[in-house]
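Shown below: final_36.txt, with compact mmCIF, C-alpha atoms.
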# COMPACT_ATOMS: atom_id res chain seq x y z
CA GLY A 7 0.00 0.00 0.00
CA PHE A 8 2.74 2.47 0.92
CA VAL A 9 4.68 1.63 -2.24
CA HIS A 10 1.60 2.25 -4.39
CA GLN A 11 0.99 5.60 -2.68
CA CYS A 12 4.62 6.59 -3.18
CA ARG A 13 4.37 5.86 -6.90
CA ASN A 14 1.27 8.04 -7.08
CA LEU A 15 3.01 10.87 -5.23
CA SER A 16 6.24 10.98 -7.22
CA LEU A 17 8.87 8.78 -8.79
CA ASN A 18 11.24 10.34 -6.26
CA SER A 19 9.24 9.11 -3.25
CA LYS A 20 10.34 5.90 -1.56
CA VAL A 21 9.35 3.78 1.44
CA LEU A 22 11.90 3.50 4.25
CA ALA A 23 11.64 0.27 6.26
CA CYS A 24 13.76 -0.05 9.40
CA ALA A 25 14.32 -2.43 12.28
CA PHE A 26 16.36 -1.96 15.42
CA SER A 27 18.64 -4.93 14.66
CA ASN A 28 20.41 -6.07 11.50
CA VAL A 29 18.61 -9.41 11.69
CA GLY A 30 15.27 -7.62 11.80
CA ALA A 31 16.24 -5.41 8.84
CA ASP A 32 17.29 -8.49 6.85
CA ASN A 33 13.95 -10.14 7.62
CA LEU A 34 12.12 -7.05 6.37
CA ALA A 35 14.14 -7.12 3.15
CA ASP A 36 13.42 -10.82 2.64
CA GLN A 37 9.68 -10.43 3.11
CA MET A 38 9.44 -7.44 0.78
CA MET A 39 11.45 -9.14 -1.92
CA LYS A 40 9.13 -12.15 -1.73
CA VAL A 41 6.18 -9.97 -2.80
CA GLY A 42 8.12 -8.64 -5.77
CA LEU A 43 9.34 -5.27 -4.48
CA LYS A 44 12.70 -3.82 -5.47
CA VAL A 45 14.76 -3.51 -2.30
CA VAL A 46 18.07 -1.82 -1.53
CA ARG A 47 19.61 -2.81 1.79
CA VAL A 48 21.62 0.02 3.33
CA GLY A 49 24.31 -1.04 5.79
CA ARG A 50 27.76 -2.55 6.11
CA ALA A 51 28.11 -5.78 4.15
CA SER A 52 29.65 -7.45 7.20
CA SER A 53 26.42 -6.84 9.11
CA VAL A 54 24.10 -8.05 6.35
CA SER A 55 23.11 -11.66 5.69
CA GLU A 56 25.23 -13.18 2.93
CA HIS A 57 22.27 -13.94 0.66
CA LEU A 58 21.42 -10.22 0.62
CA TRP A 59 24.87 -8.92 -0.29
CA ALA A 60 23.91 -8.47 -3.94
CA TYR A 61 21.07 -6.16 -2.87
CA THR A 62 23.15 -3.88 -0.65
CA LEU A 63 24.00 -0.29 -1.47
CA ASP A 64 27.71 -1.17 -1.35
CA ALA A 65 27.18 -3.83 -4.01
CA ALA A 66 25.42 -1.31 -6.25
CA ILE A 67 28.38 1.07 -5.90
CA ASP A 68 30.80 -1.76 -6.68
CA ARG A 69 28.91 -2.44 -9.92
CA ASP A 70 29.22 1.18 -11.05
CA PRO A 71 32.30 1.59 -13.31
CA ASP A 72 32.68 5.33 -12.68
CA ALA A 73 32.63 4.86 -8.92
CA GLN A 74 35.15 2.02 -9.12
CA LYS A 75 37.51 4.06 -11.28
CA ALA A 76 37.31 6.99 -8.87
CA LEU A 77 37.98 4.71 -5.91
CA GLU A 78 41.02 3.19 -7.65
CA ASN A 79 42.38 6.67 -8.37
CA ALA A 80 41.91 7.62 -4.72
CA VAL A 81 43.80 4.52 -3.59
CA LYS A 82 46.70 5.28 -5.94
CA ALA A 83 46.88 8.93 -4.88
CA THR A 84 46.89 8.14 -1.18
CA SER A 85 49.47 5.39 -1.72
CA ASN A 86 51.78 7.84 -3.53
CA LEU A 87 51.44 10.30 -0.68
CA THR A 88 52.20 7.64 1.92
CA SER A 89 55.24 6.30 0.07
CA ARG A 90 56.73 9.76 -0.45
CA SER A 91 56.21 10.66 3.19
CA SER A 92 57.94 7.49 4.33
CA ASN A 93 61.00 7.53 2.03
CA GLY A 94 62.23 10.99 3.06
CA LYS A 95 61.74 12.79 -0.27
CA GLY A 96 59.63 15.39 1.46
CA VAL A 97 62.46 16.16 3.90
CA GLU A 98 64.99 16.45 1.04
CA LYS A 99 62.79 18.90 -0.82
CA ARG A 100 62.20 20.95 2.31
CA ARG A 101 65.98 21.30 2.82
CA LYS A 102 66.46 22.54 -0.74
CA ASP A 103 63.69 25.09 -0.44
CA GLY A 104 64.97 28.27 1.19
CA ASN A 105 61.65 29.11 2.85
CA GLY A 106 61.28 25.65 4.38
CA LYS A 107 58.03 24.97 2.53
CA ARG A 108 57.13 21.37 1.80
CA ILE A 109 56.06 22.15 -1.75
CA LEU A 110 56.26 18.69 -3.28
CA GLU A 111 54.64 16.96 -0.34
CA GLU A 112 51.84 19.52 -0.26
CA HIS A 113 51.32 18.95 -3.98
CA PHE A 114 50.81 15.22 -3.54
CA ARG A 115 48.64 15.80 -0.49
CA GLY A 116 46.44 18.07 -2.60
CA LEU A 117 46.20 15.42 -5.32
CA ALA A 118 45.25 12.78 -2.74
CA THR A 119 42.61 15.04 -1.17
CA ALA A 120 41.09 15.82 -4.56
CA ALA A 121 41.05 12.14 -5.52
CA VAL A 122 39.32 11.14 -2.27
CA LYS A 123 36.69 13.85 -2.72
CA ALA A 124 36.11 12.71 -6.30
CA SER A 125 35.66 9.10 -5.12
CA ILE A 126 33.11 10.17 -2.50
CA LYS A 127 31.22 12.17 -5.12
CA ALA A 128 31.22 9.26 -7.58
CA SER A 129 30.08 6.84 -4.87
CA ASN A 130 27.24 9.17 -3.89
CA ILE A 131 26.13 9.41 -7.51
CA ALA A 132 26.13 5.61 -7.87
CA ALA A 133 24.26 5.27 -4.57
CA ALA A 134 21.63 7.81 -5.62
CA ARG A 135 21.01 5.95 -8.86
CA ALA A 136 20.60 2.64 -7.04
CA LEU A 137 18.24 4.11 -4.44
CA ARG A 138 16.18 5.78 -7.16
CA GLU A 139 15.51 2.39 -8.75
CA ALA A 140 14.25 0.86 -5.49
CA ASP A 141 10.69 0.60 -4.22
CA VAL A 142 11.76 0.16 -0.61
CA ILE A 143 14.95 1.20 1.18
CA VAL A 144 15.75 -1.08 4.11
CA SER A 145 18.16 -0.32 6.94
CA THR A 146 18.52 -0.47 10.68
CA SER A 147 17.06 2.48 12.55
CA ILE A 148 20.52 3.95 13.11
CA GLY A 149 21.54 3.04 9.56
CA ALA A 150 18.87 5.44 8.27
CA SER A 151 21.41 8.20 8.90
CA ASP A 152 23.80 6.72 6.31
CA PRO A 153 25.46 9.73 4.59
CA ARG A 154 24.90 8.26 1.13
CA LEU A 155 21.17 7.95 1.79
CA LEU A 156 21.02 11.48 3.18
CA ALA A 157 22.90 12.80 0.14
CA ALA A 158 20.37 11.11 -2.18
CA CYS A 159 17.65 12.88 -0.19
CA GLY A 160 19.36 16.22 -0.73
CA ILE A 161 20.60 16.54 2.83
CA VAL A 162 24.13 17.95 3.02
CA ASN A 163 26.30 18.44 6.08
CA ASP A 164 27.71 21.79 7.13
CA GLY A 165 31.21 20.78 6.04
CA ASP A 166 30.30 20.24 2.39
CA ASP A 167 32.45 22.38 0.10
CA ASN A 168 29.55 23.09 -2.26
CA LEU A 169 27.15 24.14 0.49
CA LYS A 170 28.26 27.76 0.57
CA ASP A 171 27.94 28.09 -3.20
CA GLN A 172 24.47 26.55 -3.13
CA ASN A 173 23.38 28.88 -0.33
CA LYS A 174 24.67 31.85 -2.30
CA ILE A 175 22.53 30.77 -5.25
CA ASN A 176 19.48 30.35 -3.01
CA THR A 177 20.10 33.74 -1.41
CA ALA A 178 20.44 35.47 -4.78
CA HIS A 179 17.09 34.05 -5.93
CA ASP A 180 15.26 34.91 -2.72
CA LYS A 181 16.54 38.44 -2.11
CA PRO A 182 13.77 41.00 -2.74
CA ASN A 183 15.32 44.10 -4.38
CA GLY A 184 18.76 42.98 -3.34
CA ARG A 185 17.90 42.79 0.34
CA SER A 186 18.22 39.65 2.41
CA PRO A 187 15.00 38.61 4.20
CA LYS A 188 15.78 38.70 7.89
CA SER A 189 13.21 36.18 9.03
CA LYS A 190 13.97 33.48 6.44
CA THR A 191 16.37 30.62 6.97
CA TYR A 192 17.77 28.52 4.16
CA ALA A 193 17.53 24.75 4.37
CA THR A 194 20.57 22.68 3.49
CA ARG A 195 18.61 20.60 0.98
CA ARG A 196 19.47 20.43 -2.69
CA ASP A 197 19.25 18.08 -5.66
CA SER A 198 20.44 14.49 -5.43
CA PRO A 199 24.10 13.83 -6.40
CA ASP A 200 22.93 12.33 -9.71
CA GLY A 201 21.54 15.73 -10.73
CA LEU A 202 17.88 14.75 -10.39
CA PRO A 203 15.41 15.98 -7.74
CA ALA A 204 16.17 14.74 -4.25
CA LEU A 205 14.50 11.58 -3.00
CA THR A 206 11.85 11.82 -0.29
CA LEU A 207 10.86 9.19 2.26
CA PRO A 208 7.27 10.10 3.17
CA PHE A 209 6.39 6.63 4.50
CA VAL A 210 8.47 5.05 7.26
CA ILE A 211 8.01 1.58 8.76
CA ILE A 212 9.81 0.79 12.02
CA ASP A 213 9.87 -2.86 13.08
CA GLU A 214 11.01 -4.11 16.51
CA ALA A 215 9.75 -0.79 17.87
CA CYS A 216 9.17 -2.17 21.36
CA GLN A 217 12.81 -3.15 21.76
CA SER A 218 14.16 0.03 20.21
CA VAL A 219 15.42 2.91 22.32
CA GLU A 220 13.72 6.22 21.60
CA PRO A 221 16.70 8.02 19.96
CA ALA A 222 17.10 5.15 17.49
CA SER A 223 13.43 5.33 16.50
CA LEU A 224 13.68 9.07 15.95
CA ILE A 225 16.48 8.78 13.38
CA PRO A 226 14.44 7.35 10.45
CA ILE A 227 11.60 9.74 11.27
CA THR A 228 13.67 12.93 11.33
CA ALA A 229 16.90 12.29 9.38
CA THR A 230 15.62 13.20 5.90
CA ASP A 231 13.00 15.74 7.05
CA SER A 232 10.46 14.21 4.64
CA CYS A 233 8.55 11.67 6.75
CA ARG A 234 4.77 12.15 6.71
CA SER A 235 3.42 8.79 7.93
CA VAL A 236 4.92 6.30 10.37
CA VAL A 237 3.94 2.72 11.15
CA MET A 238 5.60 1.22 14.23
CA LEU A 239 5.49 -2.56 14.70
CA GLY A 240 6.51 -4.55 17.74
CA ASP A 241 5.51 -7.02 20.42
CA PRO A 242 5.49 -5.51 23.94
CA CYS A 243 5.64 -9.02 25.41
CA GLN A 244 9.06 -9.68 23.88
CA LEU A 245 12.44 -8.04 24.48
CA PRO A 246 12.41 -4.56 26.04
CA PRO A 247 14.86 -1.85 24.92
CA THR A 248 18.46 -2.58 25.85
CA VAL A 249 19.83 0.28 27.96
CA ILE A 250 23.34 -0.21 29.34
CA SER A 251 23.41 2.37 32.10
CA ASP A 252 23.08 1.95 35.85
CA THR A 253 21.69 5.47 36.15
CA SER A 254 18.95 4.79 33.59
CA CYS A 255 18.08 1.41 35.07
CA ASP A 256 17.53 2.58 38.64
CA GLY A 257 15.61 5.69 37.60
CA SER A 258 17.96 8.09 39.35
CA GLY A 259 18.86 9.99 36.18
CA SER A 260 17.64 13.52 35.76
So, in terms of structure tokens, how does the structure I just supplied come out?
Amino acid sequence: GFVHQCRNLSLNSKVLACAFSNVGADNLADQMMKVGLKVVRVGRASSVSEHLWAYTLDAAIDRDPDAQKALENAVKATSNLTSRSSNGKGVEKRRKDGNGKRILEEHFRGLATAAVKASIKASNIAAARALREADVIVSTSIGASDPRLLAACGIVNDGDDNLKDQNKINTAHDKPNGRSPKSKTYATRRDSPDGLPALTLPFVIIDEACQSVEPASLIPITATDSCRSVVMLGDPCQLPPTVISDTSCDGSGS
């Protein structure tokens, strides 16, 4: 039902299904695949059941040739930087330079930094394409904050290099007569890395809700700022939330 409603809303709308544990998330993925839905499992491959590895977001990135090429370039660039730092060439160059600047080493560090950023960008593009093809995105509750998923939903962190440029563009469009509106704040949401409109997750399903701690349940609801309907499933007669804290257990916390 949720998948059908998402398709009616927009091709960019997806269902997010979460469980508190990796086992629960894998069970959700299995059941949804049995009814013919396209599923992408977000999470570390080491935490996902082996029979679901081909459906993980990491596997989709591995199948993308552009992402793989960018990752290989990043590995080579960082290896060159490490080898030059360890064999003393940076020290030799610094001695020859009268100002004591590590020009050559800084050059290779810049190349390595650029290559790593390019690999992250390529991986985010591949991830966005894979998520766009899915009917349901499955993860653990905490895994719903995966940065690749957030990027596909147009959520960028404050450290993103392109954020300032994007905010400048937004400000230029929204200024009336060249004046900045004092009461308006600009959201850090933009297009998906693949250049298409950002994904939205208006329908969220949270399984194992009775054994989930409250902060974990809030992540899939609030992370993408697009949730409109939530269904929480769980058996109150089974496991309670696991809280490892003497203060929380005895009720003496403030």
>> If I take CA of Ala23 in chain A and CA of Val46 in chain A, how far is one from the other in Å, to one decimal?
In response: 10.3 Å
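The coordinates place CA of Leu17 in chain A at 22.9 Å from CA of Lys127 in chain A.
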> Any idea what's packed within 7 Å of Met238 in chain A, counting all atoms listed in the file, ignoring anything in its chain fewer than 2 positions away? Could you give it as a list of chain:residue names?
Replying inline: A:Ile211, A:Ile212, A:Asp213, A:Ala215, A:Val236, A:Gly240
> How many Å lie between CA of Ala51 in chain A and CA of Thr88 in chain A, rounded to one decimal?
Replying inline: 27.7 Å
>> At a cut-off of 9 Å, using only C-alpha atoms, what residues contact Leu77 in chain A? Leave out same-chain residues fewer than 3 positions from it and give the result as a ChimeraX atom specification.
In response: /A:72-74,80-82,121-122,124-126,128-129
>> Under the rule that all atoms listed in the file are counted, which of A:Leu87, A:Val162, A:Cys243, A:Asp200 is the nearest residue to Glu112 in chain A?
In response: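 Selected residue with least distance to Glu112 in chain A: A:Leu87.
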>> Report as number ranges by chain all protein, DNA and RNA residues lying within 12 Å of Val237 in chain A, evaluated on all atoms listed in the file, omitting residues in the same chain fewer than 6 positions from it.
In response: A: 8, 21-25, 208-215, 223, 226-227
>> Using only C-alpha atoms for the distances, tell me which of A:Val41, A:Ala132, A:Ala140, A:Val54 is nearest to Ala66 in chain A.
In response: A:Ala132
> Residues at most 12 Å from Gly201 in chain A, counting only C-alpha atoms, excluding those fewer than 4 positions away in the same chain, as a list in words?
Replying inline: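 Within the cut-off, the hits are Lys127, Asn130, Ile131, Ala132, Ala134, Arg135, Arg138, Ala157, Ala158, Cys159, Gly160, Arg196, Asp197 and Leu205 of chain A.
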>> For a cutoff of 9 Å around the file-coordinate point (25.1, 1.6, -1.2), which residues qualify once you count all atoms listed in the file? I'd like the result as JSON, numbers by chain.
In response: {"A": [46, 47, 48, 49, 50, 61, 62, 63, 64, 65, 66, 67, 68, 129, 130, 132, 133, 134, 136, 137, 154, 155]}
>> Quick one: residues within 12 Å of Ala222 in chain A, all atoms listed in the file, excluding same-chain residues fewer than 2 positions away - as number ranges by chain?
In response: A: 24-27, 145-151, 212-220, 224-229, 247-249
